[in-house]
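Structure, as structure tokens:
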Amino acid sequence: MTPEATVVVPTHHHGELLLRSVGCALAQTVGDLEVLIVGDGATEETREAALQLERSDARVRFFDNPKGPRLGEVHRAAALEQAQGRLVFYLSDDDLWMPDHVERMTAALDAAHADFVHAPPVWVMPDGELLVWLVDLAQPWFRELALRESRIPLSSGAHTLAAYRRLPVGWNTTPEGQYVDFMMWRRFLEQRDMTFAVSRTHTVMHFPGSVREGISNAERADELDDWLPATRDLAARAAYLEQLAAHLHERANWLDSHAGELESWAQNRSQVVDLRNEQLSQAERERQRLEEVIRAMKSSRRWRAGERLRRLSRP
């Protein structure tokens with residue numbers, strides 16, 4: 001039977017974390033899915049974790065690839081050649097999903113008849129702070145912004161398999177210094193025929209590795225364990241959403257405050273421009289008046305007489 005969704009999980013050296021992230025994929029309210037764990041030179045611990053997941057659930061397939069360039073993007077391309085799902089989701093091996101992530105994303109994509117959909121990304125910082133990037137690819141302004149800035153982590157994006165296969169270039173090795181997921185999303189954004197949707201539900205918990213350098217996998221696994229109850233228990237999820245709401249409220253207040261300051265600045269700027277325009281108008285009127293005075297002077301008999309005397313005085 002063909003699954004509704006394919007979940008691609010790239011991995012290299014996060015064995016302990018992989019058990020937790022893939023566990024969230026297998027616990028989705030949409031059970032009709034396949035999980036492709038795409039190894040990129042997986043360490044022995046990671047390989048054992050992937051094989052354990054493969055043995056425990058028939059929906060899991062592990063691709064035990066050698067280490068590829070960069071983050072093994074070529075292995076993702078090869079895995080998608082075997083993908084069977086109508087939709088393709090991505091899950092970083094150190095991120096978590098809420099159990100209704102696939103369901104909510106699918107509903108948003110189908111409602112908009114779109115090719116690409118994303119969830120609002122929530123960054124979970126090491127100190128427990130929650131941060132939210134504002135992004136909505138259904139809006140043209142945000143699509144322009146997303147061509148320049150990386151705001152959608154891998155775990156927040158999904159697309160139809162058909163849209164991926166329409167791309168001139170799919171997953172391939174990303175140039176050094178560029179975010180891998182950012183460059184992939186750009187390939188969709190650069191196609192004029194692609195359409196985009198956004199899920200309004202916060203179903204992705206992103207734990208950026210860039211701010212966790214020096215933290216061991218065991219410590220990171222403990223961190224995920226602290227947040228996993230929010231993906232399994234209604235009371236824990238309510239507490240998580242309450243914390244998230246507090247952050248969004250603070251962010252909204254900040255935006256309102258700065259919007260007010262910007263509006264005030266714009267009004268003052270407009271007043272300054274109006275005053276400047278009035279000053280320029282006055283200067284123009286005075287210039288015209290002086291030109292009329294000069295023309296009158298030059299037409300007078302005394303001026304003409306003076307001109308004759310000046311000519312006679314020149315050598």
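Following the order of the structure tokens, first chain is A, next is B, and so on, with residues numbered from 1 inside each chain and ligands from 1 in the order they appear.
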
| said: Show me, as a VMD selection string, the residues that have an atom within 12 Å of Met183 of chain A when counting only C-alpha atoms, minus same-chain residues fewer than 2 positions from it. | reply: chain A and resid 73 146 to 154 169 to 181 185 to 190

| task | Name the residues in contact with Gln243 of chain A at a cut-off of 10 Å, using only C-alpha atoms, excluding same-chain residues fewer than 5 positions from it; report them as a list in words. | result |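 Skipping anything fewer than 5 positions along the chain leaves Glu129, Leu130, Arg237, Ala238, Leu248 and His249 of chain A.
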
| request: Please identify all polymer residues within 12 Å of Val60 of chain A, counting only C-alpha atoms, omitting same-chain residues fewer than 2 positions from it, and present them as a PyMOL selection string. | output: chain A and resi 3+6-9+19+22-23+25-26+32-38+49-58+62-63+83

Give me a file of those residues, with C-alpha atoms, as a PDB file, in the first residue's frame.
ATOM      1  CA  PRO A   3       1.869   5.674   2.128  1.00  0.00           C
ATOM      2  CA  THR A   6       7.444  10.095   3.445  1.00  0.00           C
ATOM      3  CA  VAL A   7       9.564  11.374   6.325  1.00  0.00           C
ATOM      4  CA  VAL A   8      13.252  11.903   5.500  1.00  0.00           C
ATOM      5  CA  VAL A   9      15.588  11.879   8.524  1.00  0.00           C
ATOM      6  CA  LEU A  19      15.679   7.371  18.847  1.00  0.00           C
ATOM      7  CA  VAL A  22      12.119   9.274  14.919  1.00  0.00           C
ATOM      8  CA  GLY A  23       9.924   8.235  17.829  1.00  0.00           C
ATOM      9  CA  ALA A  25       7.552  10.652  13.587  1.00  0.00           C
ATOM     10  CA  LEU A  26       6.246   7.167  14.343  1.00  0.00           C
ATOM     11  CA  ASP A  32       0.067   6.062   6.973  1.00  0.00           C
ATOM     12  CA  LEU A  33       3.694   7.073   6.455  1.00  0.00           C
ATOM     13  CA  GLU A  34       7.179   5.763   5.819  1.00  0.00           C
ATOM     14  CA  VAL A  35      10.341   6.940   7.573  1.00  0.00           C
ATOM     15  CA  LEU A  36      13.570   6.978   5.581  1.00  0.00           C
ATOM     16  CA  ILE A  37      16.600   7.298   7.867  1.00  0.00           C
ATOM     17  CA  VAL A  38      19.328   8.550   5.545  1.00  0.00           C
ATOM     18  CA  ALA A  49      20.000   3.169  16.762  1.00  0.00           C
ATOM     19  CA  ALA A  50      18.801   3.272  13.135  1.00  0.00           C
ATOM     20  CA  LEU A  51      18.772  -0.509  12.856  1.00  0.00           C
ATOM     21  CA  GLN A  52      16.891  -0.764  16.143  1.00  0.00           C
ATOM     22  CA  LEU A  53      14.228   1.579  14.778  1.00  0.00           C
ATOM     23  CA  GLU A  54      14.084  -0.353  11.509  1.00  0.00           C
ATOM     24  CA  ARG A  55      13.572  -3.649  13.349  1.00  0.00           C
ATOM     25  CA  SER A  56      10.921  -2.220  15.649  1.00  0.00           C
ATOM     26  CA  ASP A  57       8.643  -0.725  12.988  1.00  0.00           C
ATOM     27  CA  ALA A  58       8.044  -1.901   9.419  1.00  0.00           C
ATOM     28  CA  PHE A  62      17.640   2.734   7.018  1.00  0.00           C
ATOM     29  CA  PHE A  63      19.993   3.760   4.211  1.00  0.00           C
ATOM     30  CA  ALA A  83      10.139   7.634  -1.798  1.00  0.00           C
TER      31      ALA A  83
END

| request: Considering only C-alpha atoms, state which residue in the set A:Gln28, A:Phe142, A:Thr43, A:His12 is at the smallest distance from Leu71 of chain A. | output: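 Of all the options, A:His12 lies closest to Leu71 of chain A.
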
| said: Going by DSSP on the backbone, which residues of segment 26-225 of chain A come out as strand (DSSP E or B)? List them as a PyMOL selection string. | reply: chain A and resi 33-39+60-63+87-90+96-97+116-118+122-124+130-132+157-160+196-198+204-206

What would the file look like if the residues just selected were written as a CSV table (one decimal), in the first residue's frame with N, CA and C atoms?
chain,number,residue,atom,x,y,z
A,33,LEU,N,2.5,6.4,6.9
A,33,LEU,CA,3.7,7.1,6.5
A,33,LEU,C,4.9,6.1,6.5
A,34,GLU,N,5.9,6.5,5.8
A,34,GLU,CA,7.2,5.8,5.8
A,34,GLU,C,8.3,6.7,6.3
A,35,VAL,N,9.2,6.2,7.0
A,35,VAL,CA,10.3,6.9,7.6
A,35,VAL,C,11.6,6.4,7.0
A,36,LEU,N,12.3,7.3,6.2
A,36,LEU,CA,13.6,7.0,5.6
A,36,LEU,C,14.7,7.6,6.4
A,37,ILE,N,15.4,6.8,7.1
A,37,ILE,CA,16.6,7.3,7.9
A,37,ILE,C,17.8,7.3,6.9
A,38,VAL,N,18.3,8.4,6.6
A,38,VAL,CA,19.3,8.6,5.5
A,38,VAL,C,20.7,8.7,6.2
A,39,GLY,N,21.4,7.6,6.3
A,39,GLY,CA,22.7,7.7,7.0
A,39,GLY,C,23.7,8.4,6.1
A,60,VAL,N,9.9,1.9,8.9
A,60,VAL,CA,11.2,2.5,8.9
A,60,VAL,C,12.2,1.8,7.9
A,61,ARG,N,12.9,2.6,7.1
A,61,ARG,CA,14.0,2.0,6.3
A,61,ARG,C,15.3,2.8,6.6
A,62,PHE,N,16.4,2.1,6.7
A,62,PHE,CA,17.6,2.7,7.0
A,62,PHE,C,18.5,2.6,5.8
A,63,PHE,N,19.1,3.7,5.3
A,63,PHE,CA,20.0,3.8,4.2
A,63,PHE,C,21.4,4.0,4.8
A,87,LEU,N,3.4,13.1,-0.1
A,87,LEU,CA,4.1,14.3,0.5
A,87,LEU,C,5.4,13.9,1.1
A,88,VAL,N,6.3,14.8,1.1
A,88,VAL,CA,7.6,14.6,1.7
A,88,VAL,C,7.9,15.5,2.9
A,89,PHE,N,8.1,15.0,4.0
A,89,PHE,CA,8.4,15.8,5.2
A,89,PHE,C,9.9,15.5,5.6
A,90,TYR,N,10.5,16.5,6.3
A,90,TYR,CA,11.8,16.4,6.8
A,90,TYR,C,11.9,16.5,8.3
A,96,LEU,N,12.2,17.7,17.5
A,96,LEU,CA,11.0,17.0,17.9
A,96,LEU,C,9.7,17.5,17.2
A,97,TRP,N,8.8,16.7,16.9
A,97,TRP,CA,7.5,17.0,16.4
A,97,TRP,C,6.4,16.8,17.4
A,116,PHE,N,4.3,23.5,-1.5
A,116,PHE,CA,5.2,23.5,-0.4
A,116,PHE,C,4.5,24.1,0.8
A,117,VAL,N,4.7,23.6,2.0
A,117,VAL,CA,4.1,24.0,3.2
A,117,VAL,C,5.2,24.1,4.3
A,118,HIS,N,5.0,25.0,5.3
A,118,HIS,CA,5.9,25.0,6.4
A,118,HIS,C,5.1,25.3,7.7
A,122,VAL,N,9.8,27.1,15.9
A,122,VAL,CA,10.1,27.5,17.3
A,122,VAL,C,11.5,27.0,17.6
A,123,TRP,N,12.4,28.0,17.9
A,123,TRP,CA,13.8,27.6,18.4
A,123,TRP,C,13.8,27.4,19.9
A,124,VAL,N,14.2,26.3,20.3
A,124,VAL,CA,14.4,26.0,21.7
A,124,VAL,C,15.8,26.2,22.1
A,130,LEU,N,12.2,30.1,24.5
A,130,LEU,CA,11.6,29.7,23.2
A,130,LEU,C,11.6,31.0,22.3
A,131,LEU,N,12.1,30.8,21.1
A,131,LEU,CA,12.1,32.0,20.1
A,131,LEU,C,11.4,31.6,18.9
A,132,VAL,N,10.7,32.5,18.3
A,132,VAL,CA,9.9,32.3,17.1
A,132,VAL,C,10.3,33.3,16.0
A,157,GLY,N,9.8,22.1,7.1
A,157,GLY,CA,9.4,22.2,5.7
A,157,GLY,C,8.8,20.8,5.2
A,158,ALA,N,7.9,20.9,4.2
A,158,ALA,CA,7.4,19.8,3.5
A,158,ALA,C,6.9,20.2,2.2
A,159,HIS,N,6.8,19.2,1.3
A,159,HIS,CA,6.4,19.5,-0.1
A,159,HIS,C,5.8,18.2,-0.7
A,160,THR,N,5.1,18.4,-1.8
A,160,THR,CA,4.7,17.2,-2.5
A,160,THR,C,5.9,16.6,-3.3
A,196,PHE,N,2.8,28.1,-2.3
A,196,PHE,CA,3.2,27.9,-0.9
A,196,PHE,C,2.1,28.1,0.1
A,197,ALA,N,2.2,27.4,1.2
A,197,ALA,CA,1.2,27.5,2.2
A,197,ALA,C,1.9,27.4,3.6
A,198,VAL,N,1.2,27.9,4.6
A,198,VAL,CA,1.7,27.8,6.0
A,198,VAL,C,0.7,27.2,6.9
A,204,VAL,N,6.5,22.2,15.6
A,204,VAL,CA,7.9,21.8,15.5
A,204,VAL,C,8.8,22.4,16.6
A,205,MET,N,9.6,21.6,17.3
A,205,MET,CA,10.5,22.1,18.3
A,205,MET,C,11.9,21.9,17.7
A,206,HIS,N,12.6,23.0,17.4
A,206,HIS,CA,13.9,23.0,16.7
A,206,HIS,C,14.9,23.3,17.8

| request: Write out as a PyMOL selection string each polymer residue whose atoms come within 10 Å of Pro126 of chain A, counting only C-alpha atoms; drop sequence neighbours fewer than 4 positions from it. | output: chain A and resi 130+207-209+211-212+215+220+223

Keeping only N, CA and C atoms, write those residues as a compact mmCIF listing (two decimals), in the first residue's frame.
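As written to disk, result_26.txt reads:
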# COMPACT_ATOMS: atom_id res chain seq x y z
N LEU A 130 12.16 30.06 24.47
CA LEU A 130 11.56 29.75 23.18
C LEU A 130 11.59 31.01 22.30
N PHE A 207 15.94 22.40 17.88
CA PHE A 207 17.03 22.53 18.84
C PHE A 207 18.32 22.80 18.07
N PRO A 208 18.60 24.06 17.70
CA PRO A 208 19.74 24.35 16.81
C PRO A 208 21.07 23.91 17.40
N GLY A 209 21.80 23.13 16.62
CA GLY A 209 23.11 22.67 17.08
C GLY A 209 24.14 23.78 17.13
N VAL A 211 24.07 26.52 18.54
CA VAL A 211 24.19 27.15 19.87
C VAL A 211 24.40 26.09 20.95
N ARG A 212 24.76 24.88 20.52
CA ARG A 212 24.99 23.79 21.47
C ARG A 212 26.36 23.15 21.28
N ILE A 215 28.30 20.67 23.87
CA ILE A 215 27.35 19.90 24.66
C ILE A 215 27.32 18.47 24.12
N ARG A 220 22.45 16.32 25.38
CA ARG A 220 21.40 16.75 24.47
C ARG A 220 20.22 15.78 24.53
N GLU A 223 18.22 16.75 27.38
CA GLU A 223 17.45 17.95 27.07
C GLU A 223 16.17 17.58 26.31

| Separation of atom CA of Met125 of chain A and atom CA of Ala218 of chain A, in Å? |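 Separation between atom CA of Met125 of chain A and atom CA of Ala218 of chain A: 16.8 Å.
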
| Which value, in Å to one decimal, gives the distance between atom CA of Leu234 of chain A and atom CA of Asp93 of chain A? |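 Here the two named atoms are 23.7 Å from each other.
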
| query | When you draw a straight line from atom CA of Asp226 of chain A to atom CA of Gly31 of chain A, how long is it in Å? | reply |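 So the two atoms, atom CA of Asp226 of chain A and atom CA of Gly31 of chain A, lie 24.9 Å apart.
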
Compile the contact shell of Asn217 of chain A as a tab-separated table (two decimals) with C-alpha atoms, in the first residue's frame: residues with an atom at most 9 Å away, counting only C-alpha atoms, same-chain residues fewer than 5 positions apart removed.
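New file selection_10.tsv:
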chain	number	residue	atom	x	y	z
A	13	HIS	CA	26.37	11.00	14.70
A	14	HIS	CA	23.24	11.52	16.81
A	15	GLY	CA	22.33	7.97	17.73
A	16	GLU	CA	20.79	8.80	21.13
A	17	LEU	CA	18.88	11.72	19.67
A	222	ASP	CA	18.58	14.58	28.44

| message | Can you pull out every residue from segment 60-145 of chain A that DSSP, working from the backbone, puts in alpha helix (DSSP H), and format the result as a list of chain:residue names? | response |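 Those residues are A:Glu73, A:Val74, A:His75, A:Arg76, A:Ala77, A:Ala78, A:Ala79, A:Leu80, A:His101, A:Val102, A:Glu103, A:Arg104, A:Met105, A:Thr106, A:Ala107, A:Ala108, A:Leu109, A:Asp110, A:Ala111, A:Ala112, A:Pro140, A:Trp141, A:Phe142, A:Arg143, A:Glu144, A:Leu145.
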
| Residue contacts of Asn65 of chain A (9 Å, only C-alpha atoms) excluding same-chain residues fewer than 5 positions away, as number ranges by chain | A: 38-42, 72, 75
